[in-house]
2 protein chains.
Amino acid sequence: MPILKIQFLGTSSAVPTKERGLSCTLIHFENAIVFFDSGEGAQRAALAAGIGLNRDCSIFITHMHGDHVVGLLGLLQTMAMHRRERPLMIFGPKGLVEFITLNQKVLGFGLTYNAYAKTVRQGKVYESKVGYRVFANKSNHSRPSYAYLFEETEKPGRFDTRKALALGVPEGPLWSKLQHGRSVKSDRGKTVHPSQVLGKPRKGRRIGISGDTRPSEELVKFFRGCDAIVFDSTYGDDHAQQAKENMHSTSREAATLAKRAGAKLLILTHFSARYRNVSQLVKQAREVFPNTIAASDQMVYDLSAKE
Amino acid sequence: MPILKIQFLGTSSAVPTKERGLSCTLIHFENAIVFFDSGEGAQRAALAAGIGLNRDCSIFITHMHGDHVVGLLGLLQTMAMHRRERPLMIFGPKGLVEFITLNQKVLGFGLTYNAYAKTVRQGKVYESKVGYRVFANKSNHSRPSYAYLFEETEKPGRFDTRKALALGVPEGPLWSKLQHGRSVKSDRGKTVHPSQVLGKPRKGRRIGISGDTRPSEELVKFFRGCDAIVFDSTYGDDHAQQAKENMHSTSREAATLAKRAGAKLLILTHFSARYRNVSQLVKQAREVFPNTIAASDQMVYDLSAKE
């Protein structure tokens with residue numbers, strides 16, 4: 001199984017606390033890193049985690065609020081200070097491109113690499129050569145916002161060598177063609193299709209990242225069957241009304257969504273600074289969806305060994 | 001003596017390290033706080049130091065490089081989250097007003113207080129009602145930059161009650177007038193001037209903040225006789241050439257300037273991330289100017305008791 005880990009670099013909502021920095025969730029996939037949001041302090045949290053910034057990297061911004069995006073400026077500049085040469089893909093809602101362009105101008109910083117900033121639309125946003133895809137779906141917050149779905153590229157089904165031989169396809173280049181999805185001629189002159197010798201494609205693992213949002217039917221569908229959902233859990237039951245007013249979710253609402261989506265695991269994050277201790281929020285969520293945990297800064301959740 | 005302390009919230013150059021955040025130097029004057037620069041992470045460093053952000057506060061930016069100003073965005077927003085109502089003064093070079101305005105627009109944040117951002121010119125920049133003034137002088141860096149001088153407002157000389165009585169000015173409202181710099185008539189019909197009954201005005205304490213700069217003759221004059229100079233010390237002797245090329249100073253150059261300015265104390269800051277240990281830089285500086293110390297994050301230097 002390829003390495004697949006979620007690492008939390010910032011788990012506080014709106015303002016940092018002594019224990020929690022501003023929003024930044026990282027997915028490690030093999031040697032690549034994928035940022036979801038980069039609140040102020042993201043680069044220093046990455047440094048504390050020992051994460052090199054010259055690696056294959058893409059960045060997805062859920063929405064243009066300062067606590068989710070201001071750290072992008074430091075990330076971009078520090079990558080340049082470290083003489084990064086690999087290109088960098090950055091995706092986010094309308095305003096992201098302007099934010100980068102204007103700040104680059106007023107702060108007068110150049111880059112040593114190509115940074116491609118793109119405005120996200122609903123649907124498939126990015127397909128990486130290293131074997132993952134990211135999809136976006138509108139979420140429901142006070143600014144235009146997207147939730148993201150990280151999906152490991154599906155792996156082809158297992159090749160059945162005995163079936164291939166039985167159908168008259170000898171070992172060699174023809175096997176490779178079948179494995180790559182192309183039909184071939186057998187030594188009996190018959191056409192053999194990949195579906196005759198390949199098992200079912202193996203679905204890649206999937207991680208949902210909500211960003212700031214109210215729960216919604218759309219997100220239930222978008223996160224259907226995820227291996228893990230990282231969800232807005234700004235409040236507990238005690239502030240359910242505030243969750244509505246500020247377009248966030250309670251931990252219980254996050255759990256209800258995870259249950260309805262048939263997710264395997266829920267990780268709560270983006271806690272209001274009023275909660276020094278989030279155990280009540282976890283408890284409330286577990287009443288609905290037992291497989292719930294709370295994110296904390298620098299926490300790593302390893303999905304590599306789970307299947 | 002009024003409280004006067006320098007507190008360092010970030011002492012690294014260009015990129016943060018595990019031990020040092022990006023540039024931010026704070027002066028505590030009585031209950032007021034004065035920021036000089038606010039690199040990424042300034043608000044969290046202030047939080048760690050237990051510094052409330054609803055206090056009388058002004059902010060001075062030396063130059064528009066990201067590592068000196070990006071943290072301003074979080075400071076402004078967090079003050080609003082905390083429902084600040086006091087006005088906030090922010091000063092800096094050309095570009096500062098644009099930086100704030102553009103980011104407020106693209107990040108869509110409002111403030112609960114009036115923030116007055118002003119472009120600095122050489123000379124007196126600000127006179128606070130709480131008893132300090134700040135002056136600016138051009139410094140010498142790769143972008144338009146200012147060094148700042150924090151000066152406690154001078155206190156009137158001591159009132160000599162015996163002299164006043166001898167000159168025929170009885171205790172009462174006339175004394176107060178003299179103390180406030182106005183001449184009065186004595187009971188003998190003669191004019192008595194303040195200079196006849198007041199000692200020499202007592203000069204306020206002064207702190208120089210260099211920002212990023214090469215040493216210069218102008219700064220020697222600007223920092224003349226300072227109680228403390230906080231100076232760019234990006235490099236040691238081993239990188240003297242780089243200091244020139246990148247428009248920074250070595251610790252030895254900082255010390256030479258402090259000596260020539262007749263300063264009482266030099267505090268080195270803004271260390272390149274290559275120096276895990278800055279003791280060599282301090283040693284090199286002390287060869288020229290013995291009363292040198294190195295800043296570290298969260299360090300507090302108290303000038304209140306020194307006279």
# chains A, B, ... in the order shown; residues from 1 in each chain; ligands from 1

$ select_by_dssp --residues "range 63-238 of chain B" --states "alpha helix (DSSP H)" --output "number ranges by chain"
B: 66-69, 71-81, 96-107, 161-166, 173-179, 194-197, 217-222

$ interface_residues --of "chain B" --to "chain A" --cutoff "8 Å" --atoms "only C-alpha atoms" --output "MDAnalysis selection string"
chainID B and resid 14:18 40:41 44 47:48 64:67 70:71 73:74 77:78 81 95 98:99 102:103 106:109

$ residues_around --residues "Gly225 in chain A" --least-positions-apart "2" --cutoff "10 Å" --atoms "only C-alpha atoms" --output "PDB file with N, CA and C atoms, in the first residue's frame"
ATOM      1  N   ARG A 205      -8.066   4.895  -2.054  1.00  0.00           N
ATOM      2  CA  ARG A 205      -8.580   5.409  -0.783  1.00  0.00           C
ATOM      3  C   ARG A 205      -8.996   6.869  -0.955  1.00  0.00           C
ATOM      4  N   ARG A 206      -9.950   7.280  -0.155  1.00  0.00           N
ATOM      5  CA  ARG A 206     -10.520   8.622  -0.326  1.00  0.00           C
ATOM      6  C   ARG A 206     -10.619   9.351   1.005  1.00  0.00           C
ATOM      7  N   ILE A 207     -10.243  10.617   0.965  1.00  0.00           N
ATOM      8  CA  ILE A 207     -10.287  11.460   2.171  1.00  0.00           C
ATOM      9  C   ILE A 207     -11.066  12.734   1.847  1.00  0.00           C
ATOM     10  N   GLY A 208     -12.051  13.037   2.659  1.00  0.00           N
ATOM     11  CA  GLY A 208     -12.837  14.255   2.462  1.00  0.00           C
ATOM     12  C   GLY A 208     -12.360  15.364   3.390  1.00  0.00           C
ATOM     13  N   VAL A 220     -22.935  15.141   1.948  1.00  0.00           N
ATOM     14  CA  VAL A 220     -23.180  13.723   2.254  1.00  0.00           C
ATOM     15  C   VAL A 220     -22.845  12.890   1.015  1.00  0.00           C
ATOM     16  N   LYS A 221     -23.316  13.356  -0.133  1.00  0.00           N
ATOM     17  CA  LYS A 221     -23.049  12.620  -1.385  1.00  0.00           C
ATOM     18  C   LYS A 221     -21.580  12.694  -1.768  1.00  0.00           C
ATOM     19  N   PHE A 222     -21.021  13.882  -1.632  1.00  0.00           N
ATOM     20  CA  PHE A 222     -19.638  14.110  -2.068  1.00  0.00           C
ATOM     21  C   PHE A 222     -18.661  13.237  -1.276  1.00  0.00           C
ATOM     22  N   PHE A 223     -18.962  13.038  -0.012  1.00  0.00           N
ATOM     23  CA  PHE A 223     -18.054  12.293   0.872  1.00  0.00           C
ATOM     24  C   PHE A 223     -18.472  10.821   1.021  1.00  0.00           C
ATOM     25  N   ASP A 227     -12.789   6.987   3.295  1.00  0.00           N
ATOM     26  CA  ASP A 227     -12.012   6.305   4.328  1.00  0.00           C
ATOM     27  C   ASP A 227     -11.861   7.192   5.553  1.00  0.00           C
ATOM     28  N   ALA A 228     -11.817   8.490   5.327  1.00  0.00           N
ATOM     29  CA  ALA A 228     -11.758   9.448   6.440  1.00  0.00           C
ATOM     30  C   ALA A 228     -12.364  10.760   5.973  1.00  0.00           C
ATOM     31  N   ILE A 229     -13.075  11.396   6.878  1.00  0.00           N
ATOM     32  CA  ILE A 229     -13.579  12.747   6.612  1.00  0.00           C
ATOM     33  C   ILE A 229     -13.000  13.675   7.681  1.00  0.00           C
ATOM     34  N   ALA A 258     -21.101  12.291   8.701  1.00  0.00           N
ATOM     35  CA  ALA A 258     -20.183  11.159   8.475  1.00  0.00           C
ATOM     36  C   ALA A 258     -20.949   9.840   8.457  1.00  0.00           C
ATOM     37  N   LYS A 259     -21.917   9.726   9.352  1.00  0.00           N
ATOM     38  CA  LYS A 259     -22.733   8.501   9.420  1.00  0.00           C
ATOM     39  C   LYS A 259     -23.535   8.322   8.141  1.00  0.00           C
ATOM     40  N   ARG A 260     -24.195   9.414   7.731  1.00  0.00           N
ATOM     41  CA  ARG A 260     -25.043   9.325   6.538  1.00  0.00           C
ATOM     42  C   ARG A 260     -24.212   9.081   5.283  1.00  0.00           C
ATOM     43  N   ALA A 261     -22.984   9.576   5.288  1.00  0.00           N
ATOM     44  CA  ALA A 261     -22.114   9.368   4.121  1.00  0.00           C
ATOM     45  C   ALA A 261     -21.493   7.974   4.133  1.00  0.00           C
ATOM     46  N   GLY A 262     -21.667   7.239   5.226  1.00  0.00           N
ATOM     47  CA  GLY A 262     -21.067   5.914   5.319  1.00  0.00           C
ATOM     48  C   GLY A 262     -19.551   5.969   5.369  1.00  0.00           C
ATOM     49  N   ALA A 263     -19.030   7.010   6.010  1.00  0.00           N
ATOM     50  CA  ALA A 263     -17.570   7.137   6.118  1.00  0.00           C
ATOM     51  C   ALA A 263     -17.031   6.123   7.126  1.00  0.00           C
ATOM     52  N   LYS A 264     -15.753   5.809   6.996  1.00  0.00           N
ATOM     53  CA  LYS A 264     -15.148   4.869   7.946  1.00  0.00           C
ATOM     54  C   LYS A 264     -14.659   5.575   9.207  1.00  0.00           C
ATOM     55  N   LEU A 265     -14.224   6.810   9.052  1.00  0.00           N
ATOM     56  CA  LEU A 265     -13.614   7.547  10.175  1.00  0.00           C
ATOM     57  C   LEU A 265     -13.945   9.024  10.043  1.00  0.00           C
TER      58      LEU A 265
END

$ atom_distance --atom1 "CA of Glu85 in chain B" --atom2 "CA of Asn31 in chain B"
16.1 Å

$ residues_around --residues "Gln284 in chain B" --least-positions-apart "4" --cutoff "10 Å" --atoms "only C-alpha atoms" --output "number ranges by chain"
B: 236-237, 250-253, 255, 279-280, 288-290, 292

$ atom_distance --atom1 "CA of Val197 in chain B" --atom2 "CA of Lys129 in chain B"
25.9 Å

$ residues_around --residues "Asp297 in chain B" --least-positions-apart "4" --cutoff "7 Å" --atoms "only C-alpha atoms" --output "PyMOL selection string"
chain B and resi 8-11+20

$ closest_residue --among "A:Ala164, A:Gln7, A:Asn114, A:Pro2" --to "Val300 in chain A" --atoms "only C-alpha atoms"
A:Gln7

$ select_by_dssp --residues "range 66-304 of chain B" --states "strand (DSSP E or B)" --output "ChimeraX atom specification"
/B:88-92,115-119,123-128,132-138,145-152,155,159,184-185,191-192,198,202,206-209,228-232,235,250,266-269,271,292-294,300-302

$ write_last_selection --atoms "C-alpha atoms" --output "PDB file, in the first residue's frame"
ATOM      1  CA  LEU B  88      -5.160  51.609  15.928  1.00  0.00           C
ATOM      2  CA  MET B  89      -2.369  53.570  14.252  1.00  0.00           C
ATOM      3  CA  ILE B  90      -0.242  51.786  11.672  1.00  0.00           C
ATOM      4  CA  PHE B  91       2.736  53.376   9.954  1.00  0.00           C
ATOM      5  CA  GLY B  92       5.012  52.153   7.218  1.00  0.00           C
ATOM      6  CA  ALA B 115      -7.389  51.493  11.810  1.00  0.00           C
ATOM      7  CA  TYR B 116      -5.451  54.444  10.470  1.00  0.00           C
ATOM      8  CA  ALA B 117      -2.702  53.344   8.122  1.00  0.00           C
ATOM      9  CA  LYS B 118      -0.286  56.053   7.111  1.00  0.00           C
ATOM     10  CA  THR B 119       2.694  56.302   4.827  1.00  0.00           C
ATOM     11  CA  GLY B 123      11.061  62.961  10.731  1.00  0.00           C
ATOM     12  CA  LYS B 124       8.515  62.769  13.524  1.00  0.00           C
ATOM     13  CA  VAL B 125       5.931  60.144  12.646  1.00  0.00           C
ATOM     14  CA  TYR B 126       3.742  59.903  15.693  1.00  0.00           C
ATOM     15  CA  GLU B 127       3.232  61.476  19.072  1.00  0.00           C
ATOM     16  CA  SER B 128       1.182  59.377  21.428  1.00  0.00           C
ATOM     17  CA  TYR B 132       6.096  58.685  23.607  1.00  0.00           C
ATOM     18  CA  ARG B 133       7.054  59.805  20.133  1.00  0.00           C
ATOM     19  CA  VAL B 134       8.348  57.859  17.180  1.00  0.00           C
ATOM     20  CA  PHE B 135      10.669  59.250  14.527  1.00  0.00           C
ATOM     21  CA  ALA B 136      11.601  57.696  11.190  1.00  0.00           C
ATOM     22  CA  ASN B 137      14.789  57.869   9.194  1.00  0.00           C
ATOM     23  CA  LYS B 138      15.484  56.243   5.855  1.00  0.00           C
ATOM     24  CA  SER B 145      12.936  51.114   4.367  1.00  0.00           C
ATOM     25  CA  TYR B 146      12.831  53.104   7.550  1.00  0.00           C
ATOM     26  CA  ALA B 147      14.603  52.818  10.841  1.00  0.00           C
ATOM     27  CA  TYR B 148      12.597  54.068  13.820  1.00  0.00           C
ATOM     28  CA  LEU B 149      13.435  55.863  17.003  1.00  0.00           C
ATOM     29  CA  PHE B 150      11.165  55.414  19.978  1.00  0.00           C
ATOM     30  CA  GLU B 151      11.498  58.324  22.393  1.00  0.00           C
ATOM     31  CA  GLU B 152       9.822  58.762  25.694  1.00  0.00           C
ATOM     32  CA  LYS B 155       9.650  65.302  31.284  1.00  0.00           C
ATOM     33  CA  PHE B 159       9.967  72.531  40.176  1.00  0.00           C
ATOM     34  CA  VAL B 184       3.222  84.426  35.915  1.00  0.00           C
ATOM     35  CA  LYS B 185       3.195  87.666  37.893  1.00  0.00           C
ATOM     36  CA  THR B 191       7.157  88.564  35.799  1.00  0.00           C
ATOM     37  CA  VAL B 192       8.507  85.148  36.749  1.00  0.00           C
ATOM     38  CA  LEU B 198      12.289  74.711  36.788  1.00  0.00           C
ATOM     39  CA  ARG B 202      14.673  65.486  31.743  1.00  0.00           C
ATOM     40  CA  ARG B 206      15.315  56.374  23.542  1.00  0.00           C
ATOM     41  CA  ILE B 207      15.351  53.087  21.669  1.00  0.00           C
ATOM     42  CA  GLY B 208      16.533  52.697  18.083  1.00  0.00           C
ATOM     43  CA  ILE B 209      15.076  50.022  15.807  1.00  0.00           C
ATOM     44  CA  ALA B 228      19.328  50.739  23.400  1.00  0.00           C
ATOM     45  CA  ILE B 229      19.698  49.995  19.718  1.00  0.00           C
ATOM     46  CA  VAL B 230      18.022  46.945  18.218  1.00  0.00           C
ATOM     47  CA  PHE B 231      19.996  46.297  15.073  1.00  0.00           C
ATOM     48  CA  ASP B 232      20.029  44.057  12.001  1.00  0.00           C
ATOM     49  CA  TYR B 235      25.325  37.682   9.429  1.00  0.00           C
ATOM     50  CA  THR B 250      26.995  41.805  10.241  1.00  0.00           C
ATOM     51  CA  LEU B 266      23.177  46.982  21.506  1.00  0.00           C
ATOM     52  CA  ILE B 267      20.686  44.170  21.010  1.00  0.00           C
ATOM     53  CA  LEU B 268      21.384  42.049  17.954  1.00  0.00           C
ATOM     54  CA  THR B 269      18.443  40.518  16.087  1.00  0.00           C
ATOM     55  CA  PHE B 271      19.662  36.354  12.527  1.00  0.00           C
ATOM     56  CA  THR B 292      26.041  43.741  23.265  1.00  0.00           C
ATOM     57  CA  ILE B 293      23.466  41.014  23.739  1.00  0.00           C
ATOM     58  CA  ALA B 294      21.559  38.774  21.337  1.00  0.00           C
ATOM     59  CA  VAL B 300      12.245  40.756  27.590  1.00  0.00           C
ATOM     60  CA  TYR B 301      14.772  43.503  28.228  1.00  0.00           C
ATOM     61  CA  ASP B 302      13.615  45.849  30.964  1.00  0.00           C
TER      62      ASP B 302
END
